$ cat final.pdb   # PDB, C-alpha atoms, pLDDT in the B column
ATOM      1  CA  GLU A  24       0.000   0.000   0.000  1.00 46.00           C
ATOM      2  CA  LEU A  25       2.782   2.425   0.781  1.00 49.00           C
ATOM      3  CA  THR A  26       4.340   1.843  -2.638  1.00 56.00           C
ATOM      4  CA  GLU A  27       1.337   3.457  -4.375  1.00 57.00           C
ATOM      5  CA  GLY A  28       3.180   6.775  -4.546  1.00 56.00           C
ATOM      6  CA  THR A  29       6.171   5.456  -6.466  1.00 71.00           C
ATOM      7  CA  GLY A  30       4.466   6.119  -9.798  1.00 76.00           C
ATOM      8  CA  LEU A  31       4.050   9.749  -8.808  1.00 78.00           C
ATOM      9  CA  LEU A  32       7.700   9.992  -7.792  1.00 82.00           C
ATOM     10  CA  SER A  33       8.800   8.429 -11.054  1.00 84.00           C
ATOM     11  CA  GLY A  34       6.672  10.933 -12.960  1.00 85.00           C
ATOM     12  CA  ILE A  35       8.239  13.844 -11.102  1.00 89.00           C
ATOM     13  CA  VAL A  36      11.731  12.579 -11.890  1.00 90.00           C
ATOM     14  CA  ASP A  37      10.765  12.250 -15.566  1.00 92.00           C
ATOM     15  CA  LEU A  38       9.349  15.767 -15.557  1.00 92.00           C
ATOM     16  CA  PHE A  39      12.580  17.245 -14.195  1.00 94.00           C
ATOM     17  CA  GLU A  40      14.738  15.143 -16.528  1.00 95.00           C
ATOM     18  CA  GLU A  41      12.745  16.366 -19.532  1.00 96.00           C
ATOM     19  CA  GLY A  42      13.071  19.943 -18.309  1.00 96.00           C
ATOM     20  CA  ALA A  43      16.811  19.568 -17.828  1.00 96.00           C
ATOM     21  CA  ALA A  44      17.160  18.037 -21.292  1.00 97.00           C
ATOM     22  CA  VAL A  45      15.782  21.216 -22.861  1.00 97.00           C
ATOM     23  CA  GLY A  46      17.765  23.490 -20.547  1.00 97.00           C
ATOM     24  CA  LYS A  47      15.002  24.435 -18.101  1.00 96.00           C
ATOM     25  CA  GLY A  48      15.806  25.127 -14.465  1.00 94.00           C
ATOM     26  CA  VAL A  49      13.725  23.785 -11.595  1.00 93.00           C
ATOM     27  CA  LEU A  50      11.634  26.948 -11.248  1.00 95.00           C
ATOM     28  CA  ASP A  51      11.010  26.922 -14.991  1.00 96.00           C
ATOM     29  CA  VAL A  52       9.387  23.505 -14.525  1.00 94.00           C
ATOM     30  CA  THR A  53       7.560  24.107 -11.238  1.00 94.00           C
ATOM     31  CA  GLY A  54       6.801  27.787 -11.495  1.00 95.00           C
ATOM     32  CA  ARG A  55       7.677  30.249  -8.738  1.00 95.00           C
ATOM     33  CA  ASP A  56       5.162  28.808  -6.269  1.00 96.00           C
ATOM     34  CA  VAL A  57       6.756  25.427  -5.598  1.00 94.00           C
ATOM     35  CA  ALA A  58       4.295  24.621  -2.793  1.00 95.00           C
ATOM     36  CA  ALA A  59       1.329  25.097  -5.143  1.00 95.00           C
ATOM     37  CA  PHE A  60       3.075  22.895  -7.730  1.00 93.00           C
ATOM     38  CA  CYS A  61       3.499  20.145  -5.123  1.00 89.00           C
ATOM     39  CA  ASP A  62      -0.065  20.508  -3.847  1.00 90.00           C
ATOM     40  CA  ASP A  63      -1.369  20.171  -7.385  1.00 90.00           C
ATOM     41  CA  LEU A  64       0.688  17.011  -7.950  1.00 84.00           C
ATOM     42  CA  ILE A  65      -0.768  15.209  -4.945  1.00 82.00           C
ATOM     43  CA  LYS A  66      -4.304  16.622  -4.904  1.00 84.00           C
ATOM     44  CA  ASP A  67      -5.882  13.330  -6.043  1.00 80.00           C
ATOM     45  CA  SER A  68      -3.529  11.009  -4.152  1.00 78.00           C
ATOM     46  CA  LYS A  69      -4.665   9.031  -1.142  1.00 79.00           C
ATOM     47  CA  THR A  70      -2.955   9.876   2.113  1.00 80.00           C
ATOM     48  CA  TYR A  71      -1.615   7.257   4.503  1.00 81.00           C
ATOM     49  CA  ALA A  72      -4.586   8.068   6.745  1.00 88.00           C
ATOM     50  CA  ASP A  73      -7.004   7.362   3.863  1.00 85.00           C
ATOM     51  CA  ILE A  74      -5.383   4.000   3.149  1.00 85.00           C
ATOM     52  CA  TYR A  75      -5.319   3.086   6.840  1.00 90.00           C
ATOM     53  CA  GLN A  76      -8.992   4.035   7.298  1.00 92.00           C
ATOM     54  CA  GLU A  77      -9.961   1.897   4.304  1.00 91.00           C
ATOM     55  CA  SER A  78      -8.133  -1.115   5.758  1.00 91.00           C
ATOM     56  CA  VAL A  79      -9.796  -0.577   9.150  1.00 93.00           C
ATOM     57  CA  ASN A  80     -13.203  -0.365   7.469  1.00 92.00           C
ATOM     58  CA  GLN A  81     -12.549  -3.571   5.522  1.00 92.00           C
ATOM     59  CA  GLU A  82     -11.533  -5.437   8.673  1.00 91.00           C
ATOM     60  CA  MET A  83     -14.588  -4.127  10.512  1.00 92.00           C
ATOM     61  CA  ASN A  84     -16.872  -5.215   7.675  1.00 91.00           C
ATOM     62  CA  LYS A  85     -15.303  -8.684   7.672  1.00 89.00           C
ATOM     63  CA  ALA A  86     -15.754  -9.002  11.443  1.00 89.00           C
ATOM     64  CA  MET A  87     -19.382  -7.858  11.270  1.00 88.00           C
ATOM     65  CA  LYS A  88     -20.128 -10.263   8.409  1.00 87.00           C
ATOM     66  CA  LYS A  89     -18.504 -13.107  10.316  1.00 83.00           C
ATOM     67  CA  ALA A  90     -20.564 -12.297  13.438  1.00 82.00           C
ATOM     68  CA  THR A  91     -23.754 -12.092  11.359  1.00 82.00           C
ATOM     69  CA  ASP A  92     -23.009 -15.417   9.660  1.00 80.00           C
ATOM     70  CA  LYS A  93     -22.523 -17.134  13.053  1.00 77.00           C
ATOM     71  CA  LYS A  94     -25.965 -15.980  14.188  1.00 72.00           C
ATOM     72  CA  LYS A  95     -27.668 -17.653  11.215  1.00 64.00           C
TER
END

$ encode --input "final.pdb" --output "structure tokens"
Amino acid sequence: ELTEGTGLLSGIVDLFEEGAAVGKGVLDVTGRDVAAFCDDLIKDSKTYADIYQESVNQEMNKAMKKATDKKK
């Protein structure tokens, strides 16, 4: 689950390599507001808390289903 972000990291590296290949500096690639650039990159990414909450919910659903099945 924690390796989900490696595609994003790889994409960022590619972006900077392409920029460097055409002679662009870092700020030419990111723009002057680096924080906004970073925020935009991760805006649709799940956080660790999101992933953890999903796993907790799945375990809870399994436990509830198991308890319901025992009652039948």

$ atom_distance --input "final.pdb" --atom1 "CA of Ser33 in chain A" --atom2 "CA of Val79 in chain A"
28.9 Å

$ resolve_selection --input "final.pdb" --expression "the PyMOL selection byres ((chain A and resi 53) around 12)" --output "list of chain:residue names"
A:Ile35, A:Leu38, A:Phe39, A:Gly42, A:Lys47, A:Gly48, A:Val49, A:Leu50, A:Asp51, A:Val52, A:Gly54, A:Arg55, A:Asp56, A:Val57, A:Ala58, A:Ala59, A:Phe60, A:Cys61, A:Asp62, A:Asp63, A:Leu64

$ atom_distance --input "final.pdb" --atom1 "CA of Gly46 in chain A" --atom2 "CA of Asp67 in chain A"
29.5 Å

$ atom_distance --input "final.pdb" --atom1 "CA of Asp92 in chain A" --atom2 "CA of Ser78 in chain A"
21.0 Å

$ axis_aligned_box --input "final.pdb" --around "range 82-91 of chain A" --padding-each-side "3 Å" --output "lines of an AutoDock Vina configuration file"
center_x = -17.6
center_y = -8.6
center_z = 10.6
size_x = 18.2
size_y = 15.0
size_z = 11.8

$ closest_residue --input "final.pdb" --among "A:Ser68, A:Asn84, A:Thr91, A:Gln76" --to "Thr29 in chain A" --atoms "only C-alpha atoms"
A:Ser68

$ closest_residue --input "final.pdb" --among "A:Met87, A:Ala44, A:Ala72, A:Ile65" --to "Leu32 in chain A" --atoms "all atoms listed in the file"
A:Ile65
